file coords.cif (mmCIF, N, CA and C atoms)
data_structure
#
loop_
_atom_site.label_atom_id
_atom_site.label_comp_id
_atom_site.auth_asym_id
_atom_site.auth_seq_id
_atom_site.Cartn_x
_atom_site.Cartn_y
_atom_site.Cartn_z
N MET D 275 -10.65 -31.56 13.68
CA MET D 275 -11.86 -31.12 13.01
C MET D 275 -13.05 -31.84 13.65
N ILE D 276 -14.14 -31.13 13.81
CA ILE D 276 -15.36 -31.70 14.37
C ILE D 276 -16.11 -32.46 13.28
N TYR D 277 -16.40 -33.72 13.55
CA TYR D 277 -17.20 -34.53 12.63
C TYR D 277 -18.69 -34.32 12.91
N GLY D 278 -19.05 -34.33 14.19
CA GLY D 278 -20.45 -34.16 14.54
C GLY D 278 -20.63 -33.90 16.02
N ILE D 279 -21.78 -33.31 16.34
CA ILE D 279 -22.16 -33.08 17.72
C ILE D 279 -23.55 -33.65 17.94
N GLY D 280 -23.83 -34.03 19.15
CA GLY D 280 -25.15 -34.54 19.48
C GLY D 280 -25.47 -34.25 20.92
N THR D 281 -26.72 -34.02 21.18
CA THR D 281 -27.17 -33.80 22.56
C THR D 281 -28.49 -34.53 22.75
N ASP D 282 -28.74 -34.94 23.98
CA ASP D 282 -30.00 -35.59 24.29
C ASP D 282 -30.37 -35.28 25.73
N ILE D 283 -31.65 -35.18 25.96
CA ILE D 283 -32.18 -34.95 27.30
C ILE D 283 -33.26 -36.00 27.54
N THR D 284 -33.31 -36.51 28.75
CA THR D 284 -34.29 -37.55 29.05
C THR D 284 -34.88 -37.34 30.45
N ASP D 285 -36.08 -37.85 30.61
CA ASP D 285 -36.79 -37.78 31.87
C ASP D 285 -36.32 -38.94 32.76
N VAL D 286 -35.71 -38.63 33.87
CA VAL D 286 -35.16 -39.64 34.77
C VAL D 286 -36.25 -40.57 35.28
N ARG D 287 -37.43 -40.05 35.53
CA ARG D 287 -38.52 -40.85 36.11
C ARG D 287 -38.91 -42.03 35.22
N ARG D 288 -38.70 -41.91 33.93
CA ARG D 288 -39.07 -42.99 33.01
C ARG D 288 -38.28 -44.27 33.26
N PHE D 289 -37.14 -44.15 33.93
CA PHE D 289 -36.27 -45.30 34.13
C PHE D 289 -36.63 -46.11 35.38
N ALA D 290 -37.61 -45.67 36.14
CA ALA D 290 -38.05 -46.42 37.32
C ALA D 290 -38.54 -47.81 36.92
N LYS D 291 -39.29 -47.89 35.84
CA LYS D 291 -39.77 -49.19 35.36
C LYS D 291 -38.62 -50.03 34.81
N TRP D 292 -37.64 -49.37 34.21
CA TRP D 292 -36.50 -50.09 33.64
C TRP D 292 -35.71 -50.81 34.71
N ILE D 293 -35.47 -50.16 35.85
CA ILE D 293 -34.63 -50.80 36.87
C ILE D 293 -35.33 -51.96 37.55
N GLU D 294 -36.62 -52.05 37.36
CA GLU D 294 -37.37 -53.19 37.89
C GLU D 294 -37.41 -54.35 36.90
N SER D 295 -36.87 -54.12 35.70
CA SER D 295 -36.90 -55.13 34.65
C SER D 295 -35.48 -55.41 34.15
N PRO D 296 -34.84 -56.44 34.68
CA PRO D 296 -33.47 -56.75 34.25
C PRO D 296 -33.33 -56.89 32.73
N SER D 297 -34.36 -57.35 32.05
CA SER D 297 -34.25 -57.52 30.61
C SER D 297 -34.09 -56.18 29.89
N MET D 298 -34.71 -55.12 30.39
CA MET D 298 -34.55 -53.79 29.79
C MET D 298 -33.13 -53.30 30.00
N ILE D 299 -32.61 -53.48 31.18
CA ILE D 299 -31.24 -53.04 31.47
C ILE D 299 -30.26 -53.83 30.59
N GLU D 300 -30.42 -55.13 30.52
CA GLU D 300 -29.51 -55.96 29.73
C GLU D 300 -29.63 -55.67 28.24
N ARG D 301 -30.78 -55.24 27.79
CA ARG D 301 -30.99 -54.94 26.37
C ARG D 301 -30.21 -53.70 25.92
N PHE D 302 -30.16 -52.68 26.79
CA PHE D 302 -29.60 -51.40 26.37
C PHE D 302 -28.26 -51.04 27.00
N TYR D 303 -27.85 -51.75 28.04
CA TYR D 303 -26.65 -51.34 28.78
C TYR D 303 -25.56 -52.40 28.74
N ASN D 304 -24.36 -51.91 28.67
CA ASN D 304 -23.16 -52.72 28.65
C ASN D 304 -22.85 -53.19 30.07
N GLU D 305 -22.15 -54.30 30.20
CA GLU D 305 -21.79 -54.82 31.52
C GLU D 305 -21.01 -53.79 32.34
N HIS D 306 -20.28 -52.88 31.67
CA HIS D 306 -19.54 -51.83 32.37
C HIS D 306 -20.46 -50.82 33.05
N GLU D 307 -21.69 -50.72 32.57
CA GLU D 307 -22.63 -49.73 33.08
C GLU D 307 -23.62 -50.29 34.09
N MET D 308 -23.75 -51.58 34.13
CA MET D 308 -24.77 -52.18 34.98
C MET D 308 -24.42 -51.98 36.44
N GLN D 309 -25.29 -51.28 37.11
CA GLN D 309 -25.12 -50.97 38.52
C GLN D 309 -26.41 -51.38 39.21
N MET D 310 -26.34 -52.35 40.04
CA MET D 310 -27.57 -52.89 40.63
C MET D 310 -27.72 -52.55 42.11
N SER D 311 -26.99 -51.56 42.59
CA SER D 311 -27.17 -51.16 43.98
C SER D 311 -27.32 -49.65 44.05
N GLY D 312 -27.91 -49.19 45.13
CA GLY D 312 -28.15 -47.77 45.31
C GLY D 312 -29.63 -47.51 45.43
N SER D 313 -29.97 -46.28 45.75
CA SER D 313 -31.38 -45.92 45.87
C SER D 313 -32.03 -45.93 44.50
N GLN D 314 -33.35 -45.99 44.47
CA GLN D 314 -34.05 -45.98 43.19
C GLN D 314 -33.74 -44.70 42.43
N SER D 315 -33.71 -43.57 43.11
CA SER D 315 -33.45 -42.31 42.40
C SER D 315 -32.03 -42.27 41.83
N SER D 316 -31.05 -42.78 42.56
CA SER D 316 -29.68 -42.77 42.02
C SER D 316 -29.53 -43.74 40.87
N LEU D 317 -30.19 -44.89 40.93
CA LEU D 317 -30.16 -45.83 39.82
C LEU D 317 -30.84 -45.24 38.59
N CYS D 318 -31.97 -44.58 38.78
CA CYS D 318 -32.67 -43.95 37.65
C CYS D 318 -31.78 -42.90 36.99
N GLN D 319 -31.10 -42.08 37.80
CA GLN D 319 -30.20 -41.08 37.24
C GLN D 319 -29.03 -41.73 36.51
N HIS D 320 -28.47 -42.78 37.11
CA HIS D 320 -27.36 -43.51 36.51
C HIS D 320 -27.73 -43.99 35.10
N TYR D 321 -28.86 -44.68 34.98
CA TYR D 321 -29.25 -45.23 33.68
C TYR D 321 -29.76 -44.16 32.73
N ALA D 322 -30.44 -43.15 33.22
CA ALA D 322 -30.98 -42.10 32.35
C ALA D 322 -29.86 -41.32 31.68
N VAL D 323 -28.85 -40.92 32.42
CA VAL D 323 -27.79 -40.11 31.82
C VAL D 323 -26.97 -40.94 30.83
N ARG D 324 -26.82 -42.22 31.09
CA ARG D 324 -26.10 -43.08 30.15
C ARG D 324 -26.92 -43.33 28.88
N PHE D 325 -28.22 -43.45 29.03
CA PHE D 325 -29.06 -43.59 27.84
C PHE D 325 -29.01 -42.31 27.01
N ALA D 326 -29.02 -41.17 27.66
CA ALA D 326 -28.90 -39.90 26.95
C ALA D 326 -27.57 -39.84 26.18
N ALA D 327 -26.50 -40.37 26.77
CA ALA D 327 -25.19 -40.38 26.10
C ALA D 327 -25.22 -41.25 24.84
N LYS D 328 -25.89 -42.39 24.91
CA LYS D 328 -26.01 -43.27 23.74
C LYS D 328 -26.76 -42.55 22.61
N GLU D 329 -27.85 -41.87 22.97
CA GLU D 329 -28.63 -41.12 21.98
C GLU D 329 -27.80 -39.97 21.41
N ALA D 330 -27.10 -39.24 22.26
CA ALA D 330 -26.28 -38.12 21.80
C ALA D 330 -25.17 -38.62 20.87
N PHE D 331 -24.58 -39.76 21.18
CA PHE D 331 -23.56 -40.35 20.31
C PHE D 331 -24.14 -40.65 18.93
N SER D 332 -25.34 -41.23 18.89
CA SER D 332 -25.95 -41.57 17.60
C SER D 332 -26.22 -40.31 16.77
N LYS D 333 -26.56 -39.23 17.44
CA LYS D 333 -26.80 -37.96 16.74
C LYS D 333 -25.49 -37.37 16.23
N ALA D 334 -24.45 -37.44 17.04
CA ALA D 334 -23.14 -36.94 16.62
C ALA D 334 -22.60 -37.75 15.44
N LEU D 335 -22.85 -39.04 15.47
CA LEU D 335 -22.41 -39.92 14.38
C LEU D 335 -23.23 -39.67 13.12
N GLY D 336 -24.45 -39.18 13.29
CA GLY D 336 -25.30 -38.86 12.14
C GLY D 336 -26.12 -40.02 11.64
N THR D 337 -26.19 -41.09 12.40
CA THR D 337 -26.91 -42.28 11.95
C THR D 337 -28.26 -42.45 12.62
N GLY D 338 -28.49 -41.71 13.70
CA GLY D 338 -29.61 -42.05 14.54
C GLY D 338 -29.29 -43.40 15.16
N ILE D 339 -30.25 -43.96 15.83
CA ILE D 339 -29.98 -45.25 16.48
C ILE D 339 -30.22 -46.37 15.48
N SER D 340 -29.27 -46.51 14.58
CA SER D 340 -29.28 -47.63 13.63
C SER D 340 -27.84 -47.90 13.23
N GLY D 341 -27.58 -49.12 12.88
CA GLY D 341 -26.24 -49.51 12.47
C GLY D 341 -25.35 -49.98 13.61
N PHE D 342 -25.85 -49.90 14.83
CA PHE D 342 -25.09 -50.40 15.98
C PHE D 342 -26.05 -50.66 17.13
N GLU D 343 -25.60 -51.48 18.07
CA GLU D 343 -26.40 -51.78 19.26
C GLU D 343 -26.08 -50.75 20.34
N LEU D 344 -27.10 -50.29 21.02
CA LEU D 344 -26.91 -49.29 22.07
C LEU D 344 -26.00 -49.79 23.19
N LYS D 345 -26.05 -51.07 23.47
CA LYS D 345 -25.20 -51.59 24.55
C LYS D 345 -23.72 -51.58 24.16
N ASP D 346 -23.41 -51.35 22.88
CA ASP D 346 -22.02 -51.26 22.43
C ASP D 346 -21.44 -49.86 22.62
N VAL D 347 -22.23 -48.95 23.16
CA VAL D 347 -21.79 -47.61 23.56
C VAL D 347 -21.95 -47.56 25.07
N TYR D 348 -20.90 -47.20 25.78
CA TYR D 348 -21.00 -47.18 27.23
C TYR D 348 -20.14 -46.08 27.84
N ILE D 349 -20.46 -45.76 29.07
CA ILE D 349 -19.73 -44.74 29.82
C ILE D 349 -18.91 -45.42 30.91
N GLU D 350 -17.66 -45.01 31.00
CA GLU D 350 -16.84 -45.38 32.14
C GLU D 350 -16.19 -44.10 32.65
N LYS D 351 -15.61 -44.15 33.81
CA LYS D 351 -14.97 -42.96 34.38
C LYS D 351 -13.49 -43.20 34.54
N ASN D 352 -12.69 -42.14 34.30
CA ASN D 352 -11.26 -42.28 34.53
C ASN D 352 -10.97 -42.13 36.02
N SER D 353 -9.72 -42.14 36.41
CA SER D 353 -9.35 -42.14 37.82
C SER D 353 -9.77 -40.85 38.54
N GLU D 354 -9.98 -39.78 37.79
CA GLU D 354 -10.44 -38.52 38.39
C GLU D 354 -11.96 -38.40 38.38
N GLY D 355 -12.65 -39.40 37.83
CA GLY D 355 -14.11 -39.36 37.77
C GLY D 355 -14.69 -38.76 36.50
N LYS D 356 -13.84 -38.38 35.56
CA LYS D 356 -14.30 -37.81 34.30
C LYS D 356 -14.98 -38.91 33.48
N PRO D 357 -16.20 -38.64 32.96
CA PRO D 357 -16.85 -39.65 32.13
C PRO D 357 -16.17 -39.78 30.76
N LEU D 358 -16.04 -41.00 30.31
CA LEU D 358 -15.46 -41.30 29.00
C LEU D 358 -16.46 -42.15 28.24
N LEU D 359 -16.75 -41.77 27.00
CA LEU D 359 -17.63 -42.57 26.17
C LEU D 359 -16.78 -43.57 25.41
N ARG D 360 -17.11 -44.82 25.55
CA ARG D 360 -16.38 -45.92 24.91
C ARG D 360 -17.30 -46.65 23.95
N THR D 361 -16.69 -47.20 22.92
CA THR D 361 -17.44 -48.02 21.96
C THR D 361 -16.76 -49.36 21.82
N GLU D 362 -17.55 -50.36 21.49
CA GLU D 362 -17.03 -51.68 21.18
C GLU D 362 -17.97 -52.32 20.16
N GLY D 363 -17.58 -53.43 19.61
CA GLY D 363 -18.45 -54.18 18.70
C GLY D 363 -19.01 -53.33 17.58
N SER D 364 -20.32 -53.40 17.41
CA SER D 364 -20.98 -52.73 16.28
C SER D 364 -20.83 -51.22 16.34
N ALA D 365 -20.79 -50.62 17.52
CA ALA D 365 -20.64 -49.17 17.63
C ALA D 365 -19.23 -48.74 17.26
N ALA D 366 -18.23 -49.51 17.65
CA ALA D 366 -16.85 -49.20 17.28
C ALA D 366 -16.69 -49.30 15.77
N ALA D 367 -17.31 -50.30 15.16
CA ALA D 367 -17.24 -50.46 13.71
C ALA D 367 -17.93 -49.30 13.00
N ALA D 368 -19.09 -48.87 13.50
CA ALA D 368 -19.81 -47.74 12.89
C ALA D 368 -19.00 -46.46 13.01
N LEU D 369 -18.38 -46.24 14.16
CA LEU D 369 -17.56 -45.05 14.36
C LEU D 369 -16.35 -45.06 13.43
N GLU D 370 -15.68 -46.19 13.34
CA GLU D 370 -14.51 -46.28 12.46
C GLU D 370 -14.89 -46.12 11.00
N SER D 371 -16.00 -46.71 10.60
CA SER D 371 -16.45 -46.60 9.21
C SER D 371 -16.76 -45.16 8.83
N ALA D 372 -17.39 -44.44 9.73
CA ALA D 372 -17.78 -43.06 9.44
C ALA D 372 -16.63 -42.07 9.62
N CYS D 373 -15.76 -42.32 10.60
CA CYS D 373 -14.80 -41.30 11.01
C CYS D 373 -13.33 -41.71 10.94
N GLY D 374 -13.07 -42.98 10.68
CA GLY D 374 -11.70 -43.46 10.64
C GLY D 374 -11.22 -43.92 12.01
N LYS D 375 -10.01 -44.47 12.03
CA LYS D 375 -9.47 -45.07 13.25
C LYS D 375 -9.07 -44.07 14.31
N ASN D 376 -8.82 -42.83 13.94
CA ASN D 376 -8.30 -41.86 14.90
C ASN D 376 -9.37 -40.95 15.50
N ALA D 377 -10.63 -41.30 15.32
CA ALA D 377 -11.70 -40.47 15.87
C ALA D 377 -11.61 -40.43 17.39
N ARG D 378 -11.90 -39.26 17.95
CA ARG D 378 -11.96 -39.09 19.40
C ARG D 378 -13.38 -38.67 19.75
N VAL D 379 -13.90 -39.24 20.81
CA VAL D 379 -15.25 -38.94 21.24
C VAL D 379 -15.18 -38.27 22.61
N HIS D 380 -15.81 -37.10 22.71
CA HIS D 380 -15.86 -36.35 23.96
C HIS D 380 -17.30 -36.36 24.45
N VAL D 381 -17.47 -36.46 25.77
CA VAL D 381 -18.82 -36.51 26.33
C VAL D 381 -18.89 -35.67 27.60
N SER D 382 -20.04 -35.04 27.77
CA SER D 382 -20.34 -34.32 29.01
C SER D 382 -21.71 -34.80 29.47
N LEU D 383 -21.81 -35.12 30.76
CA LEU D 383 -23.06 -35.64 31.33
C LEU D 383 -23.49 -34.76 32.49
N SER D 384 -24.80 -34.66 32.66
CA SER D 384 -25.33 -33.94 33.81
C SER D 384 -26.71 -34.48 34.12
N HIS D 385 -27.06 -34.47 35.40
CA HIS D 385 -28.42 -34.87 35.77
C HIS D 385 -28.84 -34.13 37.02
N GLU D 386 -30.12 -33.96 37.10
CA GLU D 386 -30.77 -33.36 38.26
C GLU D 386 -31.88 -34.32 38.64
N LYS D 387 -32.70 -34.01 39.58
CA LYS D 387 -33.69 -34.95 40.08
C LYS D 387 -34.49 -35.63 38.97
N GLU D 388 -35.03 -34.86 38.03
CA GLU D 388 -35.94 -35.43 37.03
C GLU D 388 -35.43 -35.35 35.60
N VAL D 389 -34.23 -34.81 35.39
CA VAL D 389 -33.73 -34.60 34.04
C VAL D 389 -32.28 -35.05 33.94
N ALA D 390 -31.95 -35.70 32.83
CA ALA D 390 -30.56 -36.07 32.54
C ALA D 390 -30.24 -35.58 31.13
N VAL D 391 -29.02 -35.10 30.94
CA VAL D 391 -28.61 -34.59 29.64
C VAL D 391 -27.19 -35.06 29.33
N ALA D 392 -26.95 -35.28 28.05
CA ALA D 392 -25.62 -35.66 27.58
C ALA D 392 -25.30 -34.89 26.31
N PHE D 393 -24.05 -34.53 26.16
CA PHE D 393 -23.56 -33.82 24.98
C PHE D 393 -22.34 -34.56 24.49
N VAL D 394 -22.30 -34.87 23.19
CA VAL D 394 -21.20 -35.64 22.60
C VAL D 394 -20.63 -34.88 21.40
N VAL D 395 -19.31 -34.86 21.32
CA VAL D 395 -18.60 -34.31 20.17
C VAL D 395 -17.69 -35.41 19.63
N ILE D 396 -17.77 -35.63 18.32
CA ILE D 396 -16.85 -36.56 17.66
C ILE D 396 -15.86 -35.72 16.87
N GLU D 397 -14.59 -35.96 17.15
CA GLU D 397 -13.50 -35.21 16.54
C GLU D 397 -12.69 -36.16 15.65
N VAL D 398 -12.35 -35.70 14.46
CA VAL D 398 -11.54 -36.50 13.54
C VAL D 398 -10.23 -35.81 13.23
#

call {"tool": "encode", "arguments": {"input": "coords.cif", "output": "structure tokens"}}
result
Amino acid sequence: MIYGIGTDITDVRRFAKWIESPSMIERFYNEHEMQMSGSQSSLCQHYAVRFAAKEAFSKALGTGISGFELKDVYIEKNSEGKPLLRTEGSAAAALESACGKNARVHVSLSHEKEVAVAFVVIEV
């Protein structure tokens, strides 16, 4: 059964200032997501699409961005490159509280030069 869905779209260009400020990256991103090499445009896309996933997760959970830290939601990829949304700490607790221990989170990510989008489905 579907508990919730969420989607978010963000402007990739807004993250140019973020990648120049380590404190912004450390504030919102998990160590699994921190990528400090690559071109400016690829780094902006990397962080923008992951930020969109965090926002989409909060919408699917139905809480908005409250009750958990954004850095406790992160994206990793499986061996085939499929993105997986993971939670830990406060986000894992919020997910379990709302949806129980067996909740599954599905995520789809996409980005183009100036736009990044994420779609999240929480299944119980």

call {"tool": "select_by_dssp", "arguments": {"input": "coords.cif", "residues": "chain D", "states": "strand (DSSP E)", "output": "PyMOL selection string"}}
result
chain D and resi 276-285+347-351+357-361+378-385+389-397

call {"tool": "select_by_dssp", "arguments": {"input": "coords.cif", "residues": "chain D", "states": "helix (DSSP H, G or I)", "output": "PyMOL selection string"}}
result
chain D and resi 286-293+296-302+314-335+344-346+363-373

call {"tool": "atom_distance", "arguments": {"input": "coords.cif", "atom1": "atom C of D:Ile339", "atom2": "atom C of D:Met308"}}
result
22.5 Å

call {"tool": "residues_around", "arguments": {"input": "coords.cif", "residues": "D:Glu388", "least_positions_apart": "2", "cutoff": "9 Å", "atoms": "only C-alpha atoms", "output": "PDB file with N, CA and C atoms, in the coordinates of the input"}}
result
ATOM      1  N   THR D 284     -33.310 -36.510  28.750  1.00  0.00           N
ATOM      2  CA  THR D 284     -34.290 -37.550  29.050  1.00  0.00           C
ATOM      3  C   THR D 284     -34.880 -37.340  30.450  1.00  0.00           C
ATOM      4  N   ASP D 285     -36.080 -37.850  30.610  1.00  0.00           N
ATOM      5  CA  ASP D 285     -36.790 -37.780  31.870  1.00  0.00           C
ATOM      6  C   ASP D 285     -36.320 -38.940  32.760  1.00  0.00           C
ATOM      7  N   VAL D 286     -35.710 -38.630  33.870  1.00  0.00           N
ATOM      8  CA  VAL D 286     -35.160 -39.640  34.770  1.00  0.00           C
ATOM      9  C   VAL D 286     -36.250 -40.570  35.280  1.00  0.00           C
ATOM     10  N   ARG D 287     -37.430 -40.050  35.530  1.00  0.00           N
ATOM     11  CA  ARG D 287     -38.520 -40.850  36.110  1.00  0.00           C
ATOM     12  C   ARG D 287     -38.910 -42.030  35.220  1.00  0.00           C
ATOM     13  N   GLN D 319     -31.100 -42.080  37.800  1.00  0.00           N
ATOM     14  CA  GLN D 319     -30.200 -41.080  37.240  1.00  0.00           C
ATOM     15  C   GLN D 319     -29.030 -41.730  36.510  1.00  0.00           C
ATOM     16  N   HIS D 385     -27.060 -34.470  35.400  1.00  0.00           N
ATOM     17  CA  HIS D 385     -28.420 -34.870  35.770  1.00  0.00           C
ATOM     18  C   HIS D 385     -28.840 -34.130  37.020  1.00  0.00           C
ATOM     19  N   GLU D 386     -30.120 -33.960  37.100  1.00  0.00           N
ATOM     20  CA  GLU D 386     -30.770 -33.360  38.260  1.00  0.00           C
ATOM     21  C   GLU D 386     -31.880 -34.320  38.640  1.00  0.00           C
ATOM     22  N   ALA D 390     -31.950 -35.700  32.830  1.00  0.00           N
ATOM     23  CA  ALA D 390     -30.560 -36.070  32.540  1.00  0.00           C
ATOM     24  C   ALA D 390     -30.240 -35.580  31.130  1.00  0.00           C
TER      25      ALA D 390
END

call {"tool": "residues_around", "arguments": {"input": "coords.cif", "residues": "D:Leu358", "least_positions_apart": "5", "cutoff": "12 Å", "atoms": "only C-alpha atoms", "output": "ChimeraX atom specification"}}
result
/D:306-307,324,327-328,331,347-353,378-383,392-395

call {"tool": "atom_distance", "arguments": {"input": "coords.cif", "atom1": "atom N of D:Ala330", "atom2": "atom N of D:Arg360"}}
result
11.9 Å

call {"tool": "closest_residue", "arguments": {"input": "coords.cif", "among": "D:Ala290, D:Phe342, D:Thr337, D:Ser364", "to": "D:Leu317", "atoms": "all atoms listed in the file"}}
result
D:Ala290

call {"tool": "atom_distance", "arguments": {"input": "coords.cif", "atom1": "atom C of D:Val391", "atom2": "atom C of D:His320"}}
result
10.6 Å

call {"tool": "closest_residue", "arguments": {"input": "coords.cif", "among": "D:Glu370, D:Glu305, D:Glu300, D:Glu329", "to": "D:Thr281", "atoms": "only N, CA and C atoms"}}
result
D:Glu329
